[in-house]
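Just target.cif here, mmCIF, C-alpha atoms:
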data_work
loop_
_atom_site.label_atom_id
_atom_site.label_comp_id
_atom_site.auth_asym_id
_atom_site.auth_seq_id
_atom_site.Cartn_x
_atom_site.Cartn_y
_atom_site.Cartn_z
CA MET A 1 -55.10 112.04 213.95
CA ALA A 2 -58.02 114.12 212.74
CA THR A 3 -61.62 113.08 213.24
CA THR A 4 -64.62 113.30 210.95
CA SER A 5 -67.84 115.09 211.81
CA LYS A 6 -69.19 111.73 213.00
CA GLY A 7 -66.28 111.34 215.43
CA ARG A 8 -64.45 108.65 213.47
CA ALA A 9 -60.69 108.67 213.08
CA GLN A 10 -59.51 109.98 209.73
CA ASP A 11 -56.36 108.47 208.25
CA ARG A 12 -54.83 110.66 205.56
CA ALA A 13 -52.26 107.97 204.71
CA LYS A 14 -54.97 105.86 203.08
CA VAL A 15 -57.15 106.22 200.00
CA ALA A 16 -60.76 105.13 200.48
CA GLY A 17 -61.52 103.60 197.09
CA GLY A 18 -65.25 103.74 197.77
CA GLN A 19 -65.28 107.46 198.55
CA ASP A 20 -65.75 109.41 195.33
CA HIS A 21 -64.21 112.61 196.70
CA GLU A 22 -61.01 110.80 197.73
CA VAL A 23 -60.74 109.02 194.38
CA ARG A 24 -61.34 112.32 192.53
CA TYR A 25 -58.69 114.10 194.62
CA GLU A 26 -56.08 111.41 194.01
CA ALA A 27 -56.91 111.25 190.28
CA LYS A 28 -56.54 115.01 189.89
CA LYS A 29 -53.34 115.04 191.94
CA GLU A 30 -51.77 112.25 189.88
CA GLY A 31 -53.21 113.40 186.53
CA VAL A 32 -54.99 110.10 185.83
CA SER A 33 -58.58 108.90 185.55
CA LYS A 34 -60.73 107.94 188.54
CA ASP A 35 -60.93 104.42 187.12
CA ARG A 36 -57.13 104.17 187.16
CA VAL A 37 -57.06 105.18 190.85
CA LYS A 38 -59.73 102.61 191.72
CA LYS A 39 -57.76 99.88 189.93
CA ALA A 40 -54.59 100.92 191.77
CA VAL A 41 -56.39 100.76 195.12
CA LYS A 42 -57.71 97.33 194.26
CA SER A 43 -54.31 95.95 193.23
CA ALA A 44 -52.00 97.72 195.68
CA GLY A 45 -54.24 98.21 198.71
CA ASN A 46 -55.41 101.48 200.21
CA SER A 47 -52.07 102.88 201.36
CA ARG A 48 -51.63 106.25 199.65
CA LYS A 49 -47.91 105.62 199.01
CA LYS A 50 -48.58 102.22 197.45
CA VAL A 51 -51.39 103.61 195.29
CA GLU A 52 -49.16 106.43 194.04
CA ALA A 53 -46.36 103.94 193.32
CA GLU A 54 -48.80 101.68 191.43
CA ILE A 55 -50.02 104.61 189.34
CA GLY A 56 -46.44 105.64 188.62
CA ARG A 57 -45.55 102.18 187.30
CA HIS A 58 -48.07 102.41 184.45
#
Give the structure from this file in structure tokens form.
Amino acid sequence: MATTSKGRAQDRAKVAGGQDHEVRYEAKKEGVSKDRVKKAVKSAGNSRKKVEAEIGRH
């Protein structure tokens, strides 16, 4: 697993809903708004697969 510049573990299988750059990336990738990604994270959890499935359902 990769580490950040602060030495923390970085998990690419999760979407950090509070990190604007991650929300922007996922929104652009899925072709939806940032708000839609944040709502998906809130309802489905922060697993990238679950967020993408939640976005796909709507």
Find the spatial neighbours of Ala40 in chain A, counting only C-alpha atoms, within a cut-off of 10 Å - ignore same-chain residues fewer than 6 positions away - and output them as a ChimeraX atom specification.
/A:17,34,46,48,50-56,58
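From CA of Ala44 in chain A back to CA of Glu26 in chain A, the distance works out to 14.4 Å.
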Please indicate the distance in Å from CA of Ser47 in chain A to CA of Lys14 in chain A, rounded to one decimal place.
4.5 Å
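Put simply, the PyMOL selection byres ((chain A and resi 16) around 10) on this file hits Asp11, Arg12, Ala13, Lys14, Val15, Gly17, Gly18, Gln19, Asp20, His21, Glu22, Val23, Lys38, Val41, Gly45, Asn46, Ser47 and Arg48 of chain A.
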Just to confirm, what's the straight-line distance from CA of Ser5 in chain A to CA of Arg24 in chain A in Å (one decimal)?
20.5 Å
